[in-house]
>>> print(open('start_23.cif').read())   # mmCIF, C-alpha atoms
data_start
#
loop_
_atom_site.label_atom_id
_atom_site.label_comp_id
_atom_site.auth_asym_id
_atom_site.auth_seq_id
_atom_site.Cartn_x
_atom_site.Cartn_y
_atom_site.Cartn_z
CA MET A 1 -14.02 -25.59 7.32
CA THR A 2 -15.37 -24.52 10.70
CA ASN A 3 -16.32 -20.84 10.82
CA TYR A 4 -16.16 -20.51 14.65
CA LEU A 5 -18.84 -17.81 14.53
CA ASN A 6 -21.05 -17.08 17.53
CA GLY A 7 -24.47 -16.89 15.85
CA ASN A 8 -24.88 -15.71 12.29
CA SER A 9 -22.72 -12.65 12.50
CA GLU A 10 -20.03 -10.82 14.45
CA HIS A 11 -18.67 -7.36 13.72
CA PHE A 12 -15.60 -5.36 14.67
CA VAL A 13 -14.46 -1.75 14.54
CA LEU A 14 -10.96 -1.99 13.09
CA ASP A 15 -8.16 0.24 14.28
CA SER A 16 -7.12 1.00 10.73
CA SER A 17 -5.70 4.17 9.32
CA VAL A 18 -7.50 6.09 6.59
CA THR A 19 -5.78 8.51 4.24
CA LEU A 20 -7.46 10.62 1.56
CA LEU A 21 -5.58 11.58 -1.59
CA LYS A 22 -7.10 14.56 -3.38
CA GLY A 23 -6.10 15.93 -6.75
CA SER A 24 -6.00 14.92 -10.38
CA ASP A 25 -2.57 13.25 -10.09
CA SER A 26 -3.35 11.17 -6.97
CA LEU A 27 -3.63 7.84 -8.76
CA LYS A 28 -0.41 8.48 -10.69
CA VAL A 29 1.46 9.38 -7.48
CA ILE A 30 0.45 6.28 -5.55
CA ASP A 31 0.77 4.00 -8.57
CA ARG A 32 4.49 4.83 -8.84
CA THR A 33 5.09 3.63 -5.30
CA VAL A 34 3.12 0.40 -4.94
CA SER A 35 3.47 -3.12 -6.32
CA THR A 36 0.17 -3.30 -8.23
CA LYS A 37 -0.88 -1.53 -11.40
CA LEU A 38 -3.58 0.94 -10.36
CA THR A 39 -3.85 3.27 -13.32
CA LYS A 40 -6.89 1.48 -14.78
CA MET A 41 -8.96 1.81 -11.59
CA ASP A 42 -12.44 3.26 -12.11
CA ASN A 43 -14.77 5.03 -9.73
CA LEU A 44 -15.71 2.77 -6.76
CA ASP A 45 -13.06 0.17 -7.65
CA ARG A 46 -11.22 -1.33 -4.71
CA GLN A 47 -7.72 -2.77 -4.98
CA SER A 48 -5.32 -4.24 -2.42
CA THR A 49 -1.66 -3.47 -2.91
CA LEU A 50 1.70 -3.39 -1.16
CA PHE A 51 4.31 -0.80 -0.31
CA CYS A 52 7.69 -2.54 -0.43
CA ASP A 53 11.25 -1.44 0.27
CA ALA A 54 14.05 -1.58 -2.29
CA ASN A 55 14.79 -5.14 -1.14
CA GLY A 56 11.29 -6.21 -2.14
CA ARG A 57 10.10 -6.68 1.44
CA ILE A 58 6.65 -5.51 2.49
CA VAL A 59 6.53 -2.33 4.58
CA ASP A 60 2.78 -1.70 4.40
CA GLN A 61 -0.26 -3.41 2.93
CA VAL A 62 -3.07 -1.15 1.89
CA SER A 63 -6.46 -1.16 0.26
CA ILE A 64 -7.28 1.63 -2.17
CA ILE A 65 -10.75 2.84 -3.15
CA VAL A 66 -11.41 5.35 -5.92
CA ILE A 67 -14.29 7.64 -5.08
CA ASP A 68 -15.26 10.70 -7.14
CA GLY A 69 -11.71 11.11 -8.45
CA GLN A 70 -10.22 10.91 -4.97
CA LEU A 71 -8.54 7.98 -3.29
CA LEU A 72 -9.20 6.46 0.10
CA VAL A 73 -6.22 4.48 1.34
CA LEU A 74 -6.80 2.03 4.20
CA SER A 75 -3.66 0.87 5.92
CA ASP A 76 -2.17 -0.36 9.12
CA LYS A 77 -2.23 2.22 11.93
CA GLY A 78 1.37 1.57 12.91
CA GLU A 79 2.75 2.43 9.49
CA SER A 80 0.31 5.19 8.57
CA GLN A 81 2.62 8.11 9.33
CA ALA A 82 5.50 6.59 7.37
CA THR A 83 3.22 5.78 4.44
CA ARG A 84 1.73 9.30 4.41
CA ASN A 85 5.20 10.85 4.54
CA LYS A 86 6.29 8.64 1.67
CA LEU A 87 3.32 9.82 -0.40
CA VAL A 88 3.82 13.50 0.48
CA THR A 89 7.55 13.54 -0.27
CA GLY A 90 6.95 11.70 -3.54
CA VAL A 91 4.67 14.34 -5.05
CA SER A 92 6.52 16.26 -7.73
CA TRP A 93 6.45 20.07 -7.69
CA ASP A 94 4.05 20.15 -10.67
CA GLU A 95 1.64 17.43 -9.57
CA ASP A 96 -1.82 17.97 -8.12
CA CYS A 97 -2.02 15.66 -5.12
CA GLU A 98 -2.76 16.43 -1.48
CA VAL A 99 -2.54 13.87 1.30
CA LEU A 100 -5.09 14.20 4.12
CA ASN A 101 -5.33 12.28 7.36
CA ALA A 102 -8.85 10.85 7.56
CA ASP A 103 -8.44 8.85 10.78
CA ASN A 104 -10.91 11.14 12.54
CA ALA A 105 -13.30 11.20 9.60
CA ILE A 106 -13.89 7.57 8.59
CA SER A 107 -14.22 4.31 10.51
CA GLN A 108 -13.83 0.80 9.15
CA ILE A 109 -16.16 -1.93 10.34
CA VAL A 110 -15.88 -5.56 9.30
CA ILE A 111 -18.68 -8.07 9.62
CA VAL A 112 -17.95 -11.80 9.55
CA CYS A 113 -21.12 -13.75 8.88
CA LYS A 114 -22.63 -16.98 7.59
CA ASN A 115 -25.63 -15.44 5.86
CA PRO A 116 -24.89 -11.87 4.74
CA ASP A 117 -28.48 -11.16 3.72
CA LEU A 118 -29.64 -11.47 7.34
CA VAL A 119 -27.30 -8.60 8.26
CA LEU A 120 -27.74 -6.53 5.14
CA ALA A 121 -31.56 -6.62 5.04
CA LYS A 122 -31.69 -3.69 7.47
CA PHE A 123 -29.66 -1.63 4.99
CA GLN A 124 -31.83 -2.75 2.04
CA ILE A 125 -28.84 -4.28 0.28
CA GLU A 126 -28.74 -7.66 -1.43
CA SER A 127 -25.47 -9.50 -0.88
CA ILE A 128 -25.46 -10.71 -4.48
CA LEU A 129 -24.69 -7.13 -5.54
CA LEU A 130 -21.59 -6.87 -3.36
CA ARG A 131 -18.09 -7.60 -4.61
CA ASN A 132 -14.58 -7.58 -3.25
CA ASP A 133 -13.01 -5.51 -6.02
CA ARG A 134 -15.66 -2.78 -5.98
CA VAL A 135 -17.46 -0.89 -3.25
CA MET A 136 -21.15 -0.15 -3.28
CA GLU A 137 -22.02 3.40 -2.26
CA LYS A 138 -25.15 3.38 -0.13
CA GLU A 139 -25.86 6.89 1.16
CA ASP A 140 -22.67 7.72 3.06
CA LEU A 141 -21.48 4.12 3.44
CA LEU A 142 -19.01 2.25 1.22
CA ILE A 143 -19.60 -1.49 1.32
CA SER A 144 -17.74 -4.44 -0.18
CA MET A 145 -17.77 -8.16 0.54
CA LYS A 146 -15.47 -11.15 0.09
CA LYS A 147 -16.66 -14.72 0.18
CA PHE A 148 -14.58 -17.31 2.00
CA SER A 149 -15.15 -21.04 2.16
CA SER A 150 -17.16 -20.97 5.38
CA CYS A 151 -18.28 -17.38 5.74
CA HIS A 152 -18.47 -13.89 4.22
CA VAL A 153 -16.50 -10.85 5.29
CA ILE A 154 -18.31 -7.55 4.71
CA ASP A 155 -16.28 -4.38 4.89
CA ILE A 156 -18.03 -1.08 5.63
CA LEU A 157 -16.53 2.40 5.64
CA VAL A 158 -18.66 4.88 7.53
CA PRO A 159 -18.27 8.54 8.52
CA LYS A 160 -16.99 8.61 12.11
CA GLU A 161 -20.00 10.59 13.32
CA ARG A 162 -22.33 7.88 11.98
CA CYS A 163 -20.38 4.93 13.37
CA ASP A 164 -22.44 4.56 16.56
CA ASP A 165 -25.70 4.54 14.58
CA LEU A 166 -24.33 1.81 12.34
CA LEU A 167 -23.24 -0.27 15.34
CA VAL A 168 -26.77 0.01 16.79
CA SER A 169 -28.25 -1.13 13.46
CA LEU A 170 -25.91 -4.11 13.38
CA GLU A 171 -26.85 -5.10 16.93
CA GLU A 172 -30.51 -4.89 15.84
CA SER A 173 -29.62 -7.29 13.02
CA LYS A 174 -28.44 -9.78 15.67
CA SER A 175 -24.79 -9.23 14.92
CA LYS A 176 -22.46 -9.21 17.91
CA LEU A 177 -19.78 -6.55 18.42
CA GLY A 178 -16.48 -8.18 19.29
CA PRO A 179 -13.03 -7.10 20.47
CA LEU A 180 -10.10 -6.94 18.04
CA GLU A 181 -8.62 -10.16 19.52
CA ARG A 182 -11.73 -11.94 18.28
CA TRP A 183 -11.31 -10.39 14.80
CA ASP A 184 -7.71 -11.64 14.83
CA PHE A 185 -8.98 -15.16 15.49
CA LEU A 186 -11.54 -15.02 12.68
CA ARG A 187 -9.21 -13.40 10.14
CA ILE A 188 -6.57 -16.06 10.82
CA ASN A 189 -9.24 -18.73 10.39
CA ASN A 190 -9.99 -17.31 6.94
CA GLY A 191 -6.33 -16.91 6.04
CA ILE A 192 -6.45 -13.11 5.91
CA PRO A 193 -2.95 -11.80 6.63
CA SER A 194 -2.46 -8.46 8.34
CA LEU A 195 0.70 -6.40 8.41
CA LEU A 196 1.62 -8.42 11.51
CA ASP A 197 2.11 -11.35 9.15
CA SER A 198 3.52 -9.59 6.13
CA ARG A 199 5.84 -6.87 7.46
CA GLY A 200 9.41 -7.51 6.34
CA LYS A 201 8.44 -10.54 4.23
CA LEU A 202 8.62 -11.09 0.49
CA PRO A 203 5.16 -11.18 -1.15
CA GLY A 204 5.89 -14.50 -2.88
CA ASP A 205 6.58 -16.20 0.46
CA LEU A 206 3.07 -15.27 1.64
CA GLY A 207 1.21 -16.26 -1.50
CA MET A 208 0.71 -12.56 -2.29
CA GLY A 209 2.02 -12.84 -5.83
CA GLY A 210 -1.38 -11.63 -7.04
CA LEU A 211 -0.55 -8.18 -5.66
CA ILE A 212 2.55 -7.90 -7.84
CA SER A 213 2.13 -6.45 -11.35
CA LEU A 214 5.26 -7.48 -13.20
CA ASP A 215 4.13 -5.54 -16.26
CA LYS A 216 3.80 -2.14 -14.62
CA GLY A 217 7.45 -1.09 -14.74
CA CYS A 218 9.60 0.10 -11.88
CA TYR A 219 8.44 0.50 -8.28
CA PRO A 220 10.41 -0.03 -5.07
CA GLY A 221 11.15 -3.74 -4.82
CA GLN A 222 10.31 -4.51 -8.46
CA GLU A 223 13.78 -5.80 -9.37
CA ILE A 224 13.67 -8.33 -6.52
CA HIS A 225 10.11 -9.41 -7.31
CA ALA A 226 10.95 -9.87 -11.00
CA ARG A 227 14.05 -11.91 -10.17
CA MET A 228 12.12 -14.12 -7.75
CA ASP A 229 9.40 -14.65 -10.35
CA SER A 230 11.95 -15.70 -12.95
CA ARG A 231 13.30 -18.30 -10.54
CA GLY A 232 9.89 -19.96 -10.25
CA LYS A 233 7.77 -20.87 -7.26
CA SER A 234 8.83 -19.62 -3.82
CA ALA A 235 10.38 -22.27 -1.59
CA LYS A 236 8.36 -20.90 1.30
CA GLN A 237 4.66 -21.31 2.01
CA MET A 238 2.11 -19.61 4.23
CA LEU A 239 0.43 -22.01 6.62
CA LYS A 240 -2.66 -21.84 8.75
CA ILE A 241 -2.10 -23.86 11.90
CA LYS A 242 -4.79 -25.14 14.21
CA SER A 243 -3.47 -26.30 17.57
CA GLU A 244 -4.64 -27.10 21.07
CA THR A 245 -2.07 -24.77 22.64
CA LYS A 246 -1.42 -21.20 21.49
CA LEU A 247 1.80 -20.83 19.53
CA ASP A 248 4.09 -17.94 20.36
CA VAL A 249 4.96 -15.57 17.54
CA GLY A 250 8.49 -16.28 16.31
CA LYS A 251 10.57 -19.15 15.05
CA ILE A 252 9.88 -22.67 16.21
CA VAL A 253 10.89 -26.10 15.00
CA ILE A 254 8.17 -28.75 14.76
CA ASN A 255 8.65 -32.39 13.82
CA ASP A 256 7.02 -33.11 10.45
CA LEU A 257 6.99 -29.41 9.55
CA GLY A 258 10.56 -28.35 10.17
CA ARG A 259 11.33 -24.75 10.97
CA ILE A 260 8.38 -22.36 10.84
CA PHE A 261 7.97 -18.68 11.64
CA VAL A 262 4.70 -17.95 13.41
CA THR A 263 3.57 -14.47 12.36
CA SER A 264 0.31 -14.17 14.29
CA SER A 265 -1.64 -16.31 16.69
CA ALA A 266 -5.05 -16.09 18.41
CA THR A 267 -7.28 -18.34 20.47
CA ASN A 268 -10.99 -18.63 21.25
CA GLY A 269 -10.24 -20.44 24.50
CA GLU A 270 -10.66 -23.90 22.99
CA VAL A 271 -8.70 -23.79 19.76
CA SER A 272 -5.68 -21.74 18.76
CA LEU A 273 -5.14 -20.58 15.21
CA SER A 274 -1.90 -19.21 13.78
CA LEU A 275 -0.50 -18.02 10.51
CA ALA A 276 3.07 -19.08 9.88
CA ILE A 277 5.65 -19.22 7.13
CA CYS A 278 7.17 -22.62 6.51
CA ASP A 279 10.68 -22.91 5.07
CA SER A 280 9.80 -25.88 2.90
CA VAL A 281 6.74 -27.31 1.26
CA VAL A 282 5.51 -30.30 3.21
CA GLY A 283 2.08 -31.18 1.78
CA ASP A 284 -1.36 -29.62 1.74
CA ARG A 285 -2.36 -30.78 5.24
CA VAL A 286 0.03 -32.06 7.89
CA SER A 287 -0.79 -33.30 11.39
CA PHE A 288 1.93 -32.85 13.95
CA ASN A 289 2.71 -33.06 17.65
CA LEU A 290 3.95 -30.00 19.50
CA PRO A 291 6.85 -30.36 21.99
CA ASP A 292 4.31 -30.33 24.88
CA GLY A 293 2.58 -33.39 23.40
CA THR A 294 -0.53 -31.60 22.12
CA LYS A 295 -1.64 -31.97 18.53
CA GLY A 296 -1.78 -29.56 15.66
CA LEU A 297 -2.85 -29.41 12.02
CA ALA A 298 -1.18 -27.28 9.36
CA GLU A 299 -2.84 -26.34 6.06
CA ILE A 300 -1.10 -24.60 3.20
CA LEU A 301 -2.72 -21.34 2.11
CA THR A 302 -2.26 -21.25 -1.65
CA SER A 303 -3.02 -17.57 -2.09
CA VAL A 304 -4.10 -14.84 0.26
CA MET B 1 -24.33 12.55 1.15
CA SER B 2 -20.96 11.04 0.20
CA ILE B 3 -18.60 9.55 2.76
CA LEU B 4 -16.20 12.34 1.82
CA GLY B 5 -18.70 15.00 2.85
CA GLY B 6 -18.33 14.43 6.58
CA GLU B 7 -16.13 16.07 9.19
CA GLY B 8 -12.76 15.14 10.64
CA PHE B 9 -10.48 15.32 7.60
CA SER B 10 -7.15 16.93 8.38
CA LEU B 11 -5.53 19.75 6.49
CA PRO B 12 -3.11 18.48 3.85
CA VAL B 13 -0.23 16.61 5.49
CA VAL B 14 3.12 18.35 5.12
CA THR B 15 6.59 17.04 5.81
CA GLU B 16 9.55 19.08 6.88
CA THR B 17 12.16 18.93 4.16
CA PRO B 18 15.58 20.46 4.71
CA VAL B 19 16.38 23.17 2.19
CA VAL B 20 20.02 23.42 1.16
CA ALA B 21 21.80 25.67 -1.31
CA VAL B 22 21.82 23.64 -4.49
CA ASP B 23 25.07 22.93 -6.28
CA LEU B 24 24.88 21.09 -9.61
CA GLN B 25 27.69 19.85 -11.84
CA PHE B 26 27.28 19.45 -15.60
CA SER B 27 29.78 17.65 -17.79
CA ASP B 28 30.81 19.31 -21.05
CA SER B 29 28.73 16.84 -23.05
CA ALA B 30 25.69 17.58 -20.84
CA LYS B 31 26.11 21.34 -21.32
CA LYS B 32 26.33 20.84 -25.09
CA ALA B 33 23.24 18.62 -25.17
CA LEU B 34 21.36 21.05 -22.95
CA LYS B 35 22.13 23.98 -25.27
CA GLU B 36 20.94 21.95 -28.25
CA ASN B 37 17.72 21.03 -26.47
CA MET B 38 17.10 24.61 -25.37
CA ASN B 39 17.27 25.63 -29.00
CA GLY B 40 17.75 29.32 -28.20
CA ASP B 41 14.85 29.54 -25.75
CA GLU B 42 17.01 30.16 -22.67
CA HIS B 43 15.62 33.70 -22.22
CA THR B 44 12.09 32.44 -21.72
CA HIS B 45 12.53 28.82 -20.68
CA VAL B 46 14.40 26.93 -17.95
CA LEU B 47 15.51 23.39 -17.29
CA VAL B 48 13.84 22.06 -14.16
CA ILE B 49 15.42 19.06 -12.45
CA SER B 50 13.23 17.35 -9.87
CA ALA B 51 12.68 14.18 -7.88
CA GLN B 52 9.48 12.25 -7.39
CA SER B 53 8.54 8.93 -5.80
CA GLY B 54 8.90 5.75 -7.82
CA GLY B 55 11.45 3.65 -9.59
CA CYS B 56 13.16 0.62 -8.11
CA SER B 57 14.98 2.59 -5.43
CA GLY B 58 12.29 4.96 -4.16
CA TYR B 59 12.83 8.19 -6.11
CA LEU B 60 12.89 9.02 -9.79
CA TYR B 61 14.71 11.89 -11.46
CA ASP B 62 12.78 14.11 -13.82
CA MET B 63 14.11 16.77 -16.20
CA LYS B 64 11.87 19.12 -18.19
CA ILE B 65 12.28 22.28 -20.19
CA ILE B 66 9.45 24.58 -19.19
CA GLU B 67 8.49 28.19 -19.44
CA ASP B 68 10.19 30.10 -16.63
CA PRO B 69 7.78 29.91 -13.66
CA ASN B 70 9.44 32.91 -11.92
CA ASP B 71 8.62 31.25 -8.62
CA ASN B 72 10.83 31.82 -5.59
CA SER B 73 10.24 28.31 -4.28
CA PHE B 74 12.85 27.28 -6.86
CA GLN B 75 16.60 27.83 -6.67
CA ARG B 76 18.12 29.12 -9.89
CA LEU B 77 21.54 28.32 -11.32
CA ASP B 78 23.24 29.44 -14.46
CA VAL B 79 24.93 26.69 -16.44
CA ASP B 80 26.87 28.36 -19.26
CA GLY B 81 24.00 30.74 -19.88
CA ILE B 82 21.26 28.13 -19.52
CA PRO B 83 18.95 28.71 -16.54
CA VAL B 84 18.49 25.56 -14.43
CA ILE B 85 16.06 25.45 -11.50
CA VAL B 86 15.51 23.03 -8.63
CA HIS B 87 12.54 23.20 -6.27
CA ASN B 88 13.45 23.81 -2.61
CA LYS B 89 11.71 20.58 -1.61
CA ASP B 90 14.10 18.61 -3.82
CA SER B 91 17.22 20.55 -2.89
CA SER B 92 18.57 18.12 -0.29
CA LEU B 93 17.99 15.15 -2.62
CA LEU B 94 19.58 16.74 -5.66
CA SER B 95 22.33 19.06 -4.46
CA GLY B 96 25.73 17.81 -5.58
CA ILE B 97 24.49 15.74 -8.52
CA LEU B 98 26.62 15.40 -11.62
CA VAL B 99 24.66 15.56 -14.87
CA ASP B 100 26.34 13.84 -17.79
CA TYR B 101 25.18 13.11 -21.33
CA LYS B 102 25.89 9.91 -23.22
CA ASP B 103 25.40 9.94 -26.97
CA THR B 104 24.67 6.25 -27.47
CA LEU B 105 21.76 4.50 -29.16
CA MET B 106 21.12 2.19 -26.20
CA GLY B 107 20.85 3.74 -22.72
CA GLY B 108 21.92 7.14 -23.98
CA GLY B 109 20.74 10.57 -22.94
CA PHE B 110 21.20 12.52 -19.72
CA GLN B 111 22.66 10.49 -16.85
CA ILE B 112 22.75 11.58 -13.23
CA THR B 113 25.25 10.55 -10.58
CA ASN B 114 23.98 11.44 -7.12
CA PRO B 115 26.30 11.52 -4.08
CA ASN B 116 23.23 11.66 -1.77
CA ALA B 117 21.97 8.28 -2.96
CA ASP B 118 22.53 5.14 -0.88
CA ARG B 119 21.58 3.06 -3.88
CA SER B 120 20.52 3.51 -7.45
CA CYS B 121 18.72 1.49 -10.07
CA GLY B 122 20.56 -0.29 -12.87
CA CYS B 123 18.96 1.96 -15.47
CA GLY B 124 20.19 5.07 -13.60
CA GLN B 125 16.79 6.75 -13.43
CA SER B 126 16.01 5.87 -9.83
CA PHE B 127 17.79 6.44 -6.53
CA GLY B 128 17.11 6.07 -2.86
#
>>> encode(input="start_23.cif", output="C-alpha cells")
Amino acid sequence: MTNYLNGNSEHFVLDSSVTLLKGSDSLKVIDRTVSTKLTKMDNLDRQSTLFCDANGRIVDQVSIIVIDGQLLVLSDKGESQATRNKLVTGVSWDEDCEVLNADNAISQIVIVCKNPDLVLAKFQIESILLRNDRVMEKEDLLISMKKFSSCHVIDILVPKERCDDLLVSLEESKSKLGPLERWDFLRINNGIPSLLDSRGKLPGDLGMGGLISLDKGCYPGQEIHARMDSRGKSAKQMLKIKSETKLDVGKIVINDLGRIFVTSSATNGEVSLSLAICDSVVGDRVSFNLPDGTKGLAEILTSV
Amino acid sequence: MSILGGEGFSLPVVTETPVVAVDLQFSDSAKKALKENMNGDEHTHVLVISAQSGGCSGYLYDMKIIEDPNDNSFQRLDVDGIPVIVHNKDSSLLSGILVDYKDTLMGGGFQITNPNADRSCGCGQSFG
C-alpha cells in the first residue's frame, strides 16, 4: 500500500478534546456508559471505546488512558460537551468522580512515519517499546504507537505549555508539520475512522465490533449490539475508496458497488481517498468507473 | 513531572439539574417489603433511591439502606414511618415514580415504574 508520506515523517496537532476524570470511582462511572469493558485497565493502559445511544448508534468515539488512578479521555471536539455532561450527570451521589475539562492543559500530536526510530531518536525512545494498547510515560509525555501496513502512527500527549517545544524537536527530526486536511488524507489512507465516519452508525457496520464487549452487561445500545451479533455478520462493510476525483460526502450510487454512503473524503491534489459504507458486500477489491468517467478502486476494511 | 502536573485544567465540570419537589408512590407490597428490609432500623437508617448512568437506556436505578446522612442535599419523605431520601440532583429523574414489589423467584424484588422515562429496559432496572 502506498503511504503518500512526504519524507519519512509528518506530524499534526489534532483538535481533539481532553477530559480528566479524577476520583476512585472514575473507571466504574465511565465503564457503565461505554461499549467496552474497562474495569480491568491498569496504569498506563490505553483503550478505545464508544459512547452509543439506546438504539446502538455511535454518538462519540473516545480513547481512554489510565494514569496514576485518573483517566484521560480523548474525544471528538464537537461532542466533548455532551460527553462531559453525560459523565457528570451519571455520577451517583455517593461516588467519587470529578470531571475536568483538560482542553487547555493537554495537546494531542500524531506523527505518521515510515521509520519511527528516526523521529523518536531525539526523545531517546526505541519504537520497539511502544504499543497501541499502552502508553509510555517519558517525562511529561505520554506516547503510544500503532503499526499499519505501510507506516506507523505515533500518538503523543503533551502538556499545552510544552507543545511548541515538542513541535520544534519534531521539526529538528525532519518531520513536517501539516494541516488537519493532510491528517484527514493520511488517516483515511490507513483506514482510521473519525467521528465524521462513525457518528450515527452501528459499530458492526464499520467493522468496530472489537470495541463491543458483549460480556460486560448492560450499557446504552447493548441490547441492539447483542441482537445484531446474534444475527451474524453485518450486511454492510466499510470501504476505503481511491479515486481520481474527490467524492462528496453523502449517498451515491456507483456501478459495480451499488449504493454507498461516503463518510469522509480528502485529497492530496493527485489522488482522492474516501471512507464509505457499502450496503452490500461486493468483494475485497473492486475497480469501478465514476459517473464522470474517471476510475476508482474500493477496498474492504475488515476491521478498524 | 507527570502530564497531569501542568496547568490549564478546569475546575470540576458541573451541570445544571432542575430540582423539583419529589413525590414517590409505594405499593402496599413495596411498603411491606421495605419494612421487612429495614428490620426496625428506621430511626437510624434511611432508604436512598438514586439514579446513575448505565444500563441499556442510559440511567440505572439504585436503592440502598444506609445510615441517615442528615444531609440537606437530600429530600426526605415518610413512607408509613420509613424514611426515604432522594438526592436533589436526581429529583427531576425520580419524582413521580411508583415503587412496587414482586415476590417471585424470577425477576422478583423492587420494581420501579417511572413516568419521566421515554423508554426503559426489559429488565426494568434502566430508563432513559
>>> resolve_selection(input="start_23.cif", expression="the PyMOL selection byres ((chain B) within 6 of (chain A))", output="compact mmCIF listing (two decimals) with C-alpha atoms, in the coordinates of the input")
# COMPACT_ATOMS: atom_id res chain seq x y z
CA MET B 1 -24.33 12.55 1.15
CA SER B 2 -20.96 11.04 0.20
CA ILE B 3 -18.60 9.55 2.76
CA GLU B 7 -16.13 16.07 9.19
CA GLY B 8 -12.76 15.14 10.64
CA PHE B 9 -10.48 15.32 7.60
CA SER B 10 -7.15 16.93 8.38
CA PRO B 12 -3.11 18.48 3.85
CA VAL B 13 -0.23 16.61 5.49
CA GLN B 52 9.48 12.25 -7.39
CA SER B 53 8.54 8.93 -5.80
CA GLY B 54 8.90 5.75 -7.82
CA GLY B 55 11.45 3.65 -9.59
CA CYS B 56 13.16 0.62 -8.11
CA SER B 57 14.98 2.59 -5.43
CA GLY B 58 12.29 4.96 -4.16
>>> residues_around(input="start_23.cif", residues="segment 174-189 of chain A", least_positions_apart="3", cutoff="9 Å", atoms="all atoms listed in the file", output="MDAnalysis selection string")
chainID A and resid 1:15 110:113 118:119 167 169:171 192:194 240:242 264:268 272:275
>>> resolve_selection(input="start_23.cif", expression="the PyMOL selection byres ((chain B and resi 32) around 12)", output="list of chain:residue names")
B:Phe26, B:Ser27, B:Asp28, B:Ser29, B:Ala30, B:Lys31, B:Ala33, B:Leu34, B:Lys35, B:Glu36, B:Asn37, B:Met38, B:Asn39, B:Val79, B:Asp80, B:Gly81, B:Ile82, B:Val99, B:Asp100, B:Tyr101, B:Lys102, B:Asp103, B:Gly109, B:Phe110
>>> atom_distance(input="start_23.cif", atom1="atom CA of Asp41 of chain B", atom2="atom CA of Gln111 of chain B")
22.4 Å
>>> atom_distance(input="start_23.cif", atom1="atom CA of Val22 of chain B", atom2="atom CA of Leu47 of chain B")
14.3 Å
>>> atom_distance(input="start_23.cif", atom1="atom CA of Thr15 of chain B", atom2="atom CA of Ser73 of chain B")
15.6 Å
>>> resolve_selection(input="start_23.cif", expression="the PyMOL selection byres ((chain A and resi 276-289) around 9)", output="PyMOL selection string")
chain A and resi 197+205-206+235-241+249-250+254-265+274-275+290-301
>>> axis_aligned_box(input="start_23.cif", around="segment 268-276 of chain A", padding_each_side="4 Å", output="lines of an AutoDock Vina configuration file")
center_x = -4.0
center_y = -21.0
center_z = 17.2
size_x = 22.1
size_y = 13.9
size_z = 22.6
>>> closest_residue(input="start_23.cif", among="A:Met145, A:Leu195, A:Leu247, A:Ile154", to="Ser80 of chain A", atoms="all atoms listed in the file")
A:Leu195
>>> residues_around(input="start_23.cif", residues="Leu93 of chain B", least_positions_apart="6", cutoff="10 Å", atoms="all atoms listed in the file", output="MDAnalysis selection string")
chainID B and resid 17:20 22 50:51 59 61 114:117 127:128
>>> closest_residue(input="start_23.cif", among="A:Lys147, A:Arg227, A:Lys246, A:Arg199", to="Asp133 of chain A", atoms="all atoms listed in the file")
A:Lys147
>>> closest_residue(input="start_23.cif", among="B:Cys123, B:Gly107, B:Ala21, B:Val46", to="Gln75 of chain B", atoms="only C-alpha atoms")
B:Ala21
>>> closest_residue(input="start_23.cif", among="A:Ser230, A:Val62, A:Gly191, A:Ser35", to="Glu79 of chain A", atoms="all atoms listed in the file")
A:Val62
>>> residues_around(input="start_23.cif", residues="Leu38 of chain A", least_positions_apart="5", cutoff="12 Å", atoms="all atoms listed in the file", output="mmCIF file with C-alpha atoms, in the coordinates of the input")
data_model
loop_
_atom_site.group_PDB
_atom_site.id
_atom_site.type_symbol
_atom_site.label_atom_id
_atom_site.label_comp_id
_atom_site.auth_asym_id
_atom_site.auth_seq_id
_atom_site.Cartn_x
_atom_site.Cartn_y
_atom_site.Cartn_z
ATOM 1 C CA SER A 26 -3.350 11.170 -6.970
ATOM 2 C CA LEU A 27 -3.630 7.840 -8.760
ATOM 3 C CA LYS A 28 -0.410 8.480 -10.690
ATOM 4 C CA VAL A 29 1.460 9.380 -7.480
ATOM 5 C CA ILE A 30 0.450 6.280 -5.550
ATOM 6 C CA ASP A 31 0.770 4.000 -8.570
ATOM 7 C CA ARG A 32 4.490 4.830 -8.840
ATOM 8 C CA THR A 33 5.090 3.630 -5.300
ATOM 9 C CA ASN A 43 -14.770 5.030 -9.730
ATOM 10 C CA ASP A 45 -13.060 0.170 -7.650
ATOM 11 C CA ARG A 46 -11.220 -1.330 -4.710
ATOM 12 C CA GLN A 47 -7.720 -2.770 -4.980
ATOM 13 C CA SER A 48 -5.320 -4.240 -2.420
ATOM 14 C CA THR A 49 -1.660 -3.470 -2.910
ATOM 15 C CA LEU A 50 1.700 -3.390 -1.160
ATOM 16 C CA SER A 63 -6.460 -1.160 0.260
ATOM 17 C CA ILE A 64 -7.280 1.630 -2.170
ATOM 18 C CA ILE A 65 -10.750 2.840 -3.150
ATOM 19 C CA VAL A 66 -11.410 5.350 -5.920
ATOM 20 C CA LEU A 71 -8.540 7.980 -3.290
ATOM 21 C CA LEU A 211 -0.550 -8.180 -5.660
ATOM 22 C CA ILE A 212 2.550 -7.900 -7.840
ATOM 23 C CA SER A 213 2.130 -6.450 -11.350
ATOM 24 C CA ASP A 215 4.130 -5.540 -16.260
ATOM 25 C CA LYS A 216 3.800 -2.140 -14.620
#
>>> decode(input="start_23.cif", residues="segment 82-86 of chain A", atoms="N, CA and C atoms", output="CSV table (one decimal), in the first residue's frame")
chain,number,residue,atom,x,y,z
A,82,ALA,N,-21.2,17.4,25.3
A,82,ALA,CA,-22.3,16.4,25.5
A,82,ALA,C,-21.7,15.2,26.3
A,83,THR,N,-20.5,14.8,25.9
A,83,THR,CA,-19.9,13.6,26.6
A,83,THR,C,-19.6,13.9,28.0
A,84,ARG,N,-19.1,15.1,28.3
A,84,ARG,CA,-18.8,15.5,29.7
A,84,ARG,C,-20.1,15.6,30.5
A,85,ASN,N,-21.1,16.2,29.9
A,85,ASN,CA,-22.4,16.3,30.7
A,85,ASN,C,-22.9,14.9,31.0
A,86,LYS,N,-22.8,14.0,30.0
A,86,LYS,CA,-23.3,12.6,30.3
A,86,LYS,C,-22.5,12.0,31.4
